[in-house]
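Asker: Take a look at coords_25.txt, compact mmCIF, C-alpha atoms:
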# COMPACT_ATOMS: atom_id res chain seq x y z
CA MET A 1 84.33 -62.27 60.62
CA ALA A 2 85.51 -60.15 63.53
CA GLY A 3 83.50 -57.09 62.63
CA GLY A 4 84.57 -53.74 61.28
CA ASP A 5 83.41 -50.40 60.06
CA GLY A 6 84.18 -47.70 57.56
CA LEU A 7 82.99 -44.52 55.92
CA VAL A 8 81.64 -44.53 52.39
CA LYS A 9 84.10 -42.76 50.08
CA ASP A 10 83.21 -40.33 47.29
CA GLU A 11 84.11 -42.87 44.62
CA GLU A 12 81.74 -45.38 46.24
CA SER A 13 78.71 -43.11 45.85
CA GLY A 14 75.75 -45.03 44.45
CA TRP A 15 77.22 -48.44 45.20
CA SER A 16 74.88 -51.03 46.64
CA LEU A 17 75.49 -52.10 50.22
CA ALA A 18 76.28 -55.62 49.01
CA ARG A 19 78.90 -54.36 46.56
CA TRP A 20 80.50 -52.20 49.27
CA LEU A 21 80.81 -55.17 51.62
CA GLU A 22 82.20 -57.42 48.90
CA THR A 23 84.81 -54.82 47.95
CA ARG A 24 85.82 -53.30 51.27
CA HIS A 25 85.72 -56.54 53.28
CA ALA A 26 86.69 -59.01 50.53
CA LEU A 27 83.48 -61.00 50.96
CA GLY A 28 81.79 -63.27 48.48
CA PRO A 29 78.32 -62.25 47.26
CA ARG A 30 76.59 -64.97 49.29
CA ARG A 31 78.41 -64.07 52.51
CA ALA A 32 77.67 -60.34 52.09
CA ARG A 33 73.96 -60.95 51.59
CA GLU A 34 73.87 -63.38 54.52
CA LEU A 35 75.23 -60.73 56.88
CA ILE A 36 72.70 -58.20 55.62
CA ALA A 37 69.81 -60.67 55.98
CA ARG A 38 70.88 -61.46 59.56
CA ASN A 39 70.78 -57.77 60.57
CA LYS A 40 74.54 -57.65 61.08
CA ILE A 41 75.04 -54.41 59.10
CA THR A 42 74.22 -50.91 60.28
CA ILE A 43 74.32 -47.67 58.32
CA ASP A 44 74.66 -44.61 60.53
CA GLU A 45 73.73 -46.75 63.56
CA THR A 46 70.55 -48.13 61.96
CA VAL A 47 70.19 -51.75 60.85
CA CYS A 48 69.89 -52.12 57.07
CA ALA A 49 68.33 -55.30 55.67
CA ASP A 50 68.39 -54.15 52.04
CA SER A 51 71.37 -55.49 50.07
CA GLY A 52 70.58 -53.11 47.20
CA ARG A 53 70.57 -49.97 49.39
CA ARG A 54 72.43 -47.21 47.50
CA LEU A 55 75.16 -45.53 49.49
CA ILE A 56 76.04 -41.88 50.02
CA PRO A 57 79.57 -40.65 50.79
CA GLY A 58 80.15 -40.06 54.49
CA GLN A 59 77.75 -42.73 55.70
CA LYS A 60 79.24 -44.94 58.43
CA ILE A 61 78.83 -48.67 57.86
CA VAL A 62 79.45 -51.07 60.71
CA VAL A 63 79.72 -54.85 60.41
CA LEU A 64 78.66 -56.21 63.77
CA PRO A 65 80.77 -59.01 65.24
CA GLU A 66 79.22 -62.46 65.21
CA THR A 67 78.89 -62.43 69.00
CA ALA A 68 76.95 -59.19 69.07
CA ALA A 69 73.20 -59.31 69.34
CA SER A 70 71.39 -57.67 66.47
CA PRO A 71 69.98 -54.28 67.49
CA GLN A 72 66.34 -54.45 68.44
CA ARG A 73 63.77 -52.51 66.48
CA PRO A 74 62.51 -49.52 68.45
CA PRO A 75 58.89 -49.87 69.61
CA ARG A 76 56.18 -48.56 67.32
CA PRO A 77 55.37 -45.02 68.45
CA LYS A 78 51.95 -44.06 69.69
CA GLY A 79 50.33 -41.25 67.76
CA PRO A 80 51.74 -39.42 64.73
CA VAL A 81 55.41 -39.11 63.99
CA SER A 82 56.42 -35.47 63.70
CA PRO A 83 56.17 -34.39 60.03
CA ASN A 84 59.85 -33.55 59.96
CA PRO A 85 62.34 -34.82 57.36
CA GLU A 86 64.66 -35.75 60.20
CA ALA A 87 62.07 -37.97 61.92
CA THR A 88 63.34 -41.51 61.36
CA ARG A 89 62.67 -45.00 62.62
CA GLY A 90 64.60 -47.87 61.16
CA ALA A 91 66.08 -47.81 57.68
CA LEU A 92 63.33 -45.75 56.02
CA ARG A 93 62.69 -42.10 56.86
CA LEU A 94 59.13 -41.68 58.07
CA LEU A 95 57.62 -38.23 57.68
CA HIS A 96 54.29 -39.08 59.31
CA LEU A 97 52.63 -42.09 60.95
CA ASP A 98 49.21 -42.40 62.55
CA ASP A 99 46.38 -44.95 62.57
CA ASP A 100 45.30 -44.13 59.00
CA ILE A 101 48.33 -43.22 56.90
CA VAL A 102 52.08 -43.48 56.76
CA VAL A 103 54.16 -41.01 54.74
CA VAL A 104 57.67 -42.11 53.85
CA ASP A 105 60.67 -40.55 52.12
CA LYS A 106 61.43 -43.06 49.35
CA PRO A 107 65.11 -43.59 48.51
CA ALA A 108 66.15 -43.78 44.87
CA ASN A 109 66.66 -47.08 43.07
CA ILE A 110 63.92 -49.03 44.79
CA THR A 111 60.54 -50.10 43.36
CA THR A 112 57.57 -48.55 45.18
CA HIS A 113 55.41 -51.68 44.97
CA ARG A 114 54.71 -54.46 42.49
CA ASN A 115 51.56 -54.18 40.46
CA THR A 116 48.95 -56.94 40.21
CA ALA A 117 49.97 -57.93 36.70
CA GLU A 118 53.61 -58.40 37.70
CA LEU A 119 52.65 -60.53 40.70
CA ALA A 120 50.34 -62.66 38.56
CA GLU A 121 53.10 -63.35 36.02
CA ARG A 122 55.52 -64.71 38.62
CA LYS A 123 55.26 -67.83 40.70
CA GLU A 124 55.38 -67.44 44.47
CA ARG A 125 58.76 -69.16 44.54
CA GLU A 126 60.22 -66.58 42.12
CA LEU A 127 58.99 -63.63 44.15
CA LYS A 128 61.28 -64.59 47.04
CA TYR A 129 64.32 -63.84 44.88
CA LEU A 130 63.22 -60.38 43.80
CA PRO A 131 64.72 -57.39 45.63
CA PRO A 132 62.41 -55.96 48.31
CA THR A 133 60.18 -53.06 47.37
CA LEU A 134 59.46 -49.95 49.41
CA PHE A 135 56.15 -51.64 50.28
CA ASP A 136 58.00 -54.72 51.59
CA LEU A 137 60.57 -52.76 53.61
CA LEU A 138 57.94 -50.47 55.11
CA ARG A 139 55.81 -53.42 56.27
CA ARG A 140 58.85 -54.94 57.96
CA GLN A 141 59.74 -51.64 59.58
CA LEU A 142 56.21 -51.10 60.92
CA SER A 143 55.98 -54.63 62.34
CA ASP A 144 56.80 -55.34 65.96
CA GLY A 145 59.82 -57.45 65.04
CA PRO A 146 60.65 -60.99 63.88
CA GLY A 147 57.75 -63.40 64.22
CA SER A 148 55.16 -60.63 64.56
CA PRO A 149 52.32 -60.27 62.04
CA MET A 150 53.10 -58.00 59.11
CA PRO A 151 50.88 -54.89 59.02
CA ARG A 152 48.66 -54.32 56.00
CA LEU A 153 49.37 -51.41 53.66
CA TRP A 154 47.32 -50.03 50.80
CA PRO A 155 49.43 -48.49 47.99
CA LEU A 156 47.87 -45.37 46.49
CA HIS A 157 50.45 -44.14 43.97
CA ARG A 158 53.97 -44.94 42.90
CA LEU A 159 57.24 -43.27 42.06
CA ASP A 160 59.52 -44.68 39.38
CA ASN A 161 62.35 -46.90 40.58
CA GLU A 162 64.98 -44.15 40.22
CA THR A 163 62.77 -41.33 41.52
CA SER A 164 63.09 -40.41 45.20
CA GLY A 165 60.75 -38.50 47.47
CA VAL A 166 57.45 -38.44 49.34
CA VAL A 167 55.06 -41.41 49.13
CA VAL A 168 51.88 -42.09 51.12
CA PHE A 169 50.32 -45.47 51.99
CA ALA A 170 46.98 -46.09 53.69
CA LEU A 171 46.79 -48.29 56.79
CA ASN A 172 43.13 -49.32 56.55
CA PRO A 173 40.48 -49.73 53.82
CA ASP A 174 38.51 -46.59 54.71
CA ALA A 175 41.60 -44.39 54.50
CA ALA A 176 42.56 -46.06 51.21
CA THR A 177 39.13 -45.32 49.69
CA PHE A 178 39.18 -41.72 50.90
CA LEU A 179 42.67 -41.02 49.54
CA ALA A 180 42.14 -42.92 46.27
CA LYS A 181 39.23 -40.56 45.55
CA GLN A 182 41.56 -37.57 46.01
CA PHE A 183 44.06 -39.06 43.58
CA ARG A 184 41.30 -39.72 41.02
CA GLU A 185 39.98 -36.19 41.36
CA HIS A 186 43.50 -34.68 41.22
CA THR A 187 43.10 -32.89 44.56
CA ILE A 188 46.37 -34.30 45.91
CA GLY A 189 49.09 -31.64 45.75
CA ARG A 190 52.32 -32.95 44.21
CA ARG A 191 55.44 -31.00 43.30
CA TYR A 192 58.65 -32.47 41.94
CA TRP A 193 62.13 -31.09 41.57
CA GLY A 194 64.27 -32.04 38.62
CA LEU A 195 67.48 -31.14 36.79
CA THR A 196 67.21 -30.84 33.03
CA ARG A 197 69.51 -30.76 30.05
CA GLY A 198 68.94 -27.37 28.47
CA ILE A 199 67.05 -24.48 30.03
CA ALA A 200 63.46 -25.56 30.62
CA GLN A 201 60.73 -23.15 29.61
CA PRO A 202 58.31 -22.24 32.40
CA GLY A 203 54.62 -22.66 31.71
CA ARG A 204 51.79 -25.15 31.36
CA ILE A 205 52.24 -28.33 29.31
CA ALA A 206 49.00 -30.11 28.35
CA THR A 207 48.95 -33.15 26.06
CA HIS A 208 47.23 -36.50 25.62
CA LEU A 209 49.54 -39.32 26.63
CA VAL A 210 49.33 -42.60 24.74
CA PRO A 211 50.96 -45.98 25.51
CA GLU A 212 52.81 -45.99 22.17
CA ARG A 213 53.74 -42.78 20.37
CA GLY A 214 55.22 -44.59 17.37
CA ASP A 215 58.69 -45.68 18.47
CA GLY A 216 57.87 -48.09 21.28
CA ARG A 217 57.76 -45.38 23.96
CA ARG A 218 54.97 -43.69 25.85
CA GLY A 219 54.40 -40.15 24.68
CA SER A 220 51.99 -37.52 23.47
CA GLY A 221 49.54 -38.28 20.70
CA GLU A 222 46.03 -37.79 19.44
CA GLU A 223 43.11 -37.89 21.84
CA GLY A 224 41.46 -41.30 21.75
CA PRO A 225 40.17 -44.25 23.78
CA ASP A 226 43.68 -45.14 24.98
CA SER A 227 44.88 -41.59 25.66
CA ARG A 228 45.01 -39.81 29.00
CA HIS A 229 44.88 -36.03 29.41
CA ALA A 230 48.03 -34.87 31.20
CA ILE A 231 48.88 -31.41 32.55
CA THR A 232 52.21 -30.35 34.06
CA HIS A 233 53.06 -26.86 35.33
CA VAL A 234 56.78 -26.07 35.02
CA ARG A 235 58.56 -23.42 37.07
CA LEU A 236 62.19 -22.50 36.47
CA VAL A 237 63.97 -22.43 39.83
CA GLN A 238 67.50 -21.73 38.59
CA ALA A 239 69.25 -21.75 35.22
CA PHE A 240 72.82 -23.00 34.87
CA ASP A 241 75.10 -23.23 31.84
CA GLY A 242 73.16 -25.61 29.60
CA PHE A 243 71.18 -27.11 32.48
CA SER A 244 68.35 -26.03 34.76
CA TRP A 245 66.68 -26.77 38.07
CA VAL A 246 62.92 -26.96 37.71
CA GLU A 247 59.84 -27.48 39.84
CA CYS A 248 57.01 -29.42 38.21
CA ARG A 249 53.52 -29.33 39.69
CA LEU A 250 51.25 -32.14 38.62
CA GLU A 251 47.67 -31.26 37.79
CA THR A 252 47.21 -34.88 36.69
CA GLY A 253 49.34 -37.85 37.61
CA ARG A 254 49.97 -40.07 34.59
CA THR A 255 52.70 -42.67 34.22
CA HIS A 256 56.06 -40.99 33.44
CA GLN A 257 54.21 -37.69 32.89
CA ILE A 258 57.00 -35.30 33.92
CA ARG A 259 59.69 -37.31 32.16
CA ILE A 260 57.68 -37.34 28.93
CA HIS A 261 56.66 -33.68 29.02
CA LEU A 262 60.16 -32.40 29.72
CA GLY A 263 61.70 -34.76 27.17
CA GLU A 264 59.26 -33.79 24.41
CA ALA A 265 59.91 -30.12 25.20
CA GLY A 266 63.57 -30.70 24.27
CA THR A 267 64.82 -30.46 27.88
CA PRO A 268 64.94 -34.05 29.16
CA LEU A 269 65.92 -34.77 32.72
CA CYS A 270 69.58 -35.37 33.46
CA GLY A 271 70.14 -39.12 33.52
CA GLU A 272 67.04 -39.82 31.41
CA LYS A 273 67.60 -42.66 28.92
CA VAL A 274 64.09 -43.33 27.60
CA TYR A 275 62.34 -39.99 27.02
CA ASP A 276 65.49 -38.21 25.90
CA ARG A 277 64.90 -38.07 22.15
CA PRO A 278 62.40 -36.84 19.60
CA LEU A 279 60.18 -39.32 17.77
CA HIS A 280 62.47 -41.63 15.74
CA GLY A 281 65.40 -39.37 16.65
CA ALA A 282 68.72 -39.92 18.38
CA PRO A 283 69.15 -39.43 22.14
CA LEU A 284 70.09 -35.91 23.17
CA PRO A 285 73.59 -35.67 24.69
CA ASP A 286 73.91 -35.75 28.46
CA ALA A 287 77.07 -34.23 29.91
CA SER A 288 75.66 -33.87 33.42
CA GLY A 289 77.12 -37.06 34.86
CA ALA A 290 73.84 -37.70 36.69
CA PRO A 291 73.93 -40.91 38.77
CA ARG A 292 70.26 -41.57 37.94
CA ILE A 293 67.21 -39.81 36.56
CA ALA A 294 67.35 -36.44 38.31
CA LEU A 295 63.77 -36.35 39.58
CA HIS A 296 62.62 -36.00 43.19
CA ALA A 297 59.10 -35.88 44.65
CA ARG A 298 59.60 -32.78 46.78
CA ASP A 299 56.09 -32.04 48.15
CA LEU A 300 52.92 -33.99 48.91
CA GLU A 301 49.72 -32.38 50.20
CA LEU A 302 46.45 -34.14 51.01
CA THR A 303 43.30 -34.02 53.09
CA HIS A 304 43.53 -36.39 56.06
CA PRO A 305 40.86 -39.13 55.96
CA ARG A 306 39.94 -38.89 59.64
CA ASP A 307 39.70 -35.19 60.53
CA GLY A 308 39.61 -33.53 57.09
CA LYS A 309 42.65 -31.37 57.81
CA ARG A 310 44.93 -30.42 54.96
CA LEU A 311 48.44 -31.74 55.63
CA ALA A 312 51.68 -31.29 53.70
CA TRP A 313 55.17 -32.80 53.77
CA LYS A 314 58.45 -31.87 52.12
CA SER A 315 61.55 -33.87 51.31
CA PRO A 316 64.79 -31.95 50.70
CA TRP A 317 67.13 -32.74 47.84
CA PRO A 318 68.69 -36.17 48.45
CA GLN A 319 72.46 -36.06 48.68
CA ASP A 320 73.15 -37.39 45.18
CA LEU A 321 70.98 -34.77 43.46
CA TYR A 322 72.12 -32.00 45.80
CA ARG A 323 75.72 -32.75 44.85
CA LEU A 324 74.77 -32.77 41.17
CA SER A 325 72.95 -29.42 41.41
CA ARG A 326 75.89 -27.91 43.29
CA TYR A 327 78.28 -29.24 40.61
CA LEU A 328 76.18 -27.74 37.80
CA ALA A 329 76.09 -24.41 39.63
CA ARG A 330 79.89 -24.40 40.04
CA GLN A 331 80.35 -25.23 36.36
CA ALA A 332 78.24 -22.16 35.56
CA ASP A 333 80.25 -20.05 38.04
CA ALA A 334 77.06 -19.49 40.06
CA SER A 335 75.93 -20.05 43.63
CA LEU A 336 73.18 -22.56 44.24
CA ILE A 337 70.13 -20.74 45.56
CA GLU A 338 68.63 -21.72 48.90
CA GLU A 339 65.81 -24.27 48.86
CA SER A 340 62.39 -22.70 48.89
What would you get if you wrote out this structure as structure tokens?

Answerer:
Amino acid sequence: MAGGDGLVKDEESGWSLARWLETRHALGPRRARELIARNKITIDETVCADSGRRLIPGQKIVVLPETAASPQRPPRPKGPVSPNPEATRGALRLLHLDDDIVVVDKPANITTHRNTAELAERKERELKYLPPTLFDLLRRQLSDGPGSPMPRLWPLHRLDNETSGVVVFALNPDAATFLAKQFREHTIGRRYWGLTRGIAQPGRIATHLVPERGDGRRGSGEEGPDSRHAITHVRLVQAFDGFSWVECRLETGRTHQIRIHLGEAGTPLCGEKVYDRPLHGAPLPDASGAPRIALHARDLELTHPRDGKRLAWKSPWPQDLYRLSRYLARQADASLIEES
């Protein structure tokens, strides 16, 4: 292949990189994935080794010619990366990096990390064929290149596959212990942005979440040995015509907490397909056209394990949800307010 490039079109929004290559360059699936694996594809001048990377209109994709050397990874920086959403290195956007922690802006449609049970259920041979997780990609990005040892990371929390936003990993056992204690004691500050069907009611939602509410889904139920107390604070940012933009602050951090609380309140997230119905009821209609579950981890605040300073990071609306919020505002004949 002689090489080539192109801009992602509006109608290609949300496509995987592999699908884009197969379609735009008439490649077979195996050939497309081979080029990606060999670091022959760049997105906006950065090598992308993730065949499932979801694309955004306007991104420039270049297929490097076979004779071109693959771009070298930039050297690992000394000291912290500036806590700025524009600070990048490699395919993932790093918001902060020092000797103890790394804070990364997770893209949508990628698993944060695999849990112990999932790893135990699969043979080592099978794991090679699973798509890379954020954990996998971050380790590769923080390494010193091919053949170098992979750095160790300690996962501390996770975002759902479709949820984007700020995630922190520890880089040593002491930092992991220190931060895990903050998560257990709910002293980590976490705020999410979401777009809901219906106008969400501001206020405090407190329930006991159970693994099975009676229809095969997680949900709220009676307090008991298997329940977990969950508290979400909802703030209405902007109301549209039949939709709303909300900020949810977690006082606790239970699995699918925001999705469940908003869904049970009758205002499920746009794009939600699990917690979008009452108990034994039909799914609520969704006319938003959301490309995924419209949930984004906007803010993360924690106490640094080394110096005890309180640090915070923000991630702006990703392009897909920004476009959706702008569309909903236009449909309501309103102007989208500035981010705050």

Asker: Select, from A:Leu250, A:Leu195, A:Leu171, A:Leu302, the residue with the minimum atom-to-atom distance to Gly263 in chain A, counting all atoms listed in the file.

Answerer: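 Of the candidates, the smallest distance to Gly263 in chain A is held by A:Leu195.
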
Asker: Choose the residue, out of A:Val168, A:Glu338, A:Asp5, A:Gly271, that has the smallest atom-to-atom separation from His96 in chain A; count all atoms listed in the file.

Answerer: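 Ranked by minimum distance to His96 in chain A, first place goes to A:Val168.
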
Asker: With only C-alpha atoms as the basis for distance, which of A:Arg228, A:Lys106, A:Arg19, A:Arg218 is at the shortest distance from Val274 in chain A?

Answerer: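 The answer is A:Arg218, which sits nearest to Val274 in chain A.
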
Asker: Go through A:Arg197, A:Arg277, A:Arg158, A:Arg249 and flag the residue nearest Asp215 in chain A, using all atoms listed in the file for the distances.

Answerer: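 Among the listed residues, the smallest separation from Asp215 in chain A belongs to A:Arg277.
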
Asker: If I take CA of Glu22 in chain A and CA of Asn161 in chain A, how far is one from the other in Å, to one decimal?

Answerer: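 According to the coordinates, CA of Glu22 in chain A and CA of Asn161 in chain A are separated by 24.0 Å.
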
Asker: Figure out the distance between CA of Ile56 in chain A and CA of Glu11 in chain A, please, to one decimal in Å.

Answerer: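 Calculated distance between CA of Glu11 in chain A and CA of Ile56 in chain A is 9.8 Å.
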
Asker: Which of these residues is nearest to Ala176 in chain A, using only C-alpha atoms: A:Tyr327, A:Trp154, A:Phe135, A:Trp20?

Answerer: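 Result for the nearest residue to Ala176 in chain A: A:Trp154.
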
Asker: Of the candidates A:Asp174, A:Ala287, A:Phe243, A:Leu262, which one gets nearest to Gly203 in chain A if we count all atoms listed in the file?

Answerer: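 Ranking A:Asp174, A:Ala287, A:Phe243, A:Leu262 by distance to Gly203 in chain A, first place goes to A:Leu262.
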
Asker: Just give me the gap between CA of Gly221 in chain A and CA of Thr207 in chain A in Å, one decimal is fine.

Answerer: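 So the answer is 7.4 Å.
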
Asker: Considering all atoms listed in the file, return as a ChimeraX atom specification whatever protein or nucleic-acid residues lie within 12 Å of Ser51 in chain A, sequence-local ones (same chain, fewer than 4 positions apart) excluded.

Answerer: /A:15-22,29-43,47,55,109-110,130-133,137

Asker: Do you know which residues lie at most 8 Å from (52.5, -41.0, 53.9), with coordinates as in the file and all atoms listed in the file counted, and could you write them as a list in words?

Answerer: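 I get Leu94, Leu95, His96, Leu97, Ile101, Val102, Val103, Val104, Val166, Val167, Val168, Phe169 and Ala170 of chain A for the residues within 8 Å of that point.
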
Asker: Within 8 Å of range 182-193 of chain A, which residues of range 204-279 of chain A show up? Give each one with its shortest atom-to-atom distance in Å (one decimal) and the two atoms involved, counting only C-alpha atoms, rows by chain then rising residue number, as a tab-separated table.

Answerer:
residue	atom	partner	partner_atom	distance
A:Trp245	CA	A:Trp193	CA	7.2
A:Val246	CA	A:Trp193	CA	5.7
A:Glu247	CA	A:Trp193	CA	4.6
A:Cys248	CA	A:Tyr192	CA	5.1
A:Arg249	CA	A:Arg191	CA	4.4
A:Leu250	CA	A:Arg190	CA	5.7
A:Glu251	CA	A:His186	CA	6.4
A:Thr252	CA	A:His186	CA	5.9
A:Gly253	CA	A:His186	CA	7.6

Asker: Do you know which residues lie at most 9 Å from (68.7, -32.9, 39.5), with coordinates as in the file and only C-alpha atoms counted, and could you write them as an MDAnalysis selection string?

Answerer: chainID A and resid 193:196 244:246 269:271 290 292:296 317 320:325

Asker: For range 205-220 of chain A, what centre and edge lengths in Å (one decimal) does the axis-aligned box get once 8 Å is added on each side of all its listed atoms, as lines of an AutoDock Vina configuration file?

Answerer:
center_x = 53.0
center_y = -38.2
center_z = 23.3
size_x = 27.5
size_y = 35.8
size_z = 27.9

Asker: Give me the residues within 12 Å of Leu279 in chain A as a VMD selection string, counting all atoms listed in the file and dropping any in the same chain fewer than 3 places off.

Answerer: chain A and resid 212 to 221 260 263 to 266 274 to 276 282 to 284

Asker: For the selection just defined, write its residues with C-alpha atoms to a file, as a short mmCIF file (atom, residue, chain, number, x, y, z; two decimals), keeping the file's coordinate frame.

Answerer:
data_model
loop_
_atom_site.label_atom_id
_atom_site.label_comp_id
_atom_site.auth_asym_id
_atom_site.auth_seq_id
_atom_site.Cartn_x
_atom_site.Cartn_y
_atom_site.Cartn_z
CA GLU A 212 52.81 -45.99 22.17
CA ARG A 213 53.74 -42.78 20.37
CA GLY A 214 55.22 -44.59 17.37
CA ASP A 215 58.69 -45.68 18.47
CA GLY A 216 57.87 -48.09 21.28
CA ARG A 217 57.76 -45.38 23.96
CA ARG A 218 54.97 -43.69 25.85
CA GLY A 219 54.40 -40.15 24.68
CA SER A 220 51.99 -37.52 23.47
CA GLY A 221 49.54 -38.28 20.70
CA ILE A 260 57.68 -37.34 28.93
CA GLY A 263 61.70 -34.76 27.17
CA GLU A 264 59.26 -33.79 24.41
CA ALA A 265 59.91 -30.12 25.20
CA GLY A 266 63.57 -30.70 24.27
CA VAL A 274 64.09 -43.33 27.60
CA TYR A 275 62.34 -39.99 27.02
CA ASP A 276 65.49 -38.21 25.90
CA ALA A 282 68.72 -39.92 18.38
CA PRO A 283 69.15 -39.43 22.14
CA LEU A 284 70.09 -35.91 23.17
#

Asker: Determine, counting all atoms listed in the file, which protein, DNA and RNA residues have an atom within 6 Å of an atom of Ser227 in chain A; residues of the same chain fewer than 6 positions away are not included. Present the result as a list in words.

Answerer: His208, Leu209 and Val210 of chain A

Asker: Let's have the selection written as a PDB file, in the coordinates of the input, with C-alpha atoms.

Answerer:
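Listing of out-v8.pdb after writing:
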ATOM      1  CA  HIS A 208      47.230 -36.500  25.620  1.00  0.00           C
ATOM      2  CA  LEU A 209      49.540 -39.320  26.630  1.00  0.00           C
ATOM      3  CA  VAL A 210      49.330 -42.600  24.740  1.00  0.00           C
TER       4      VAL A 210
END
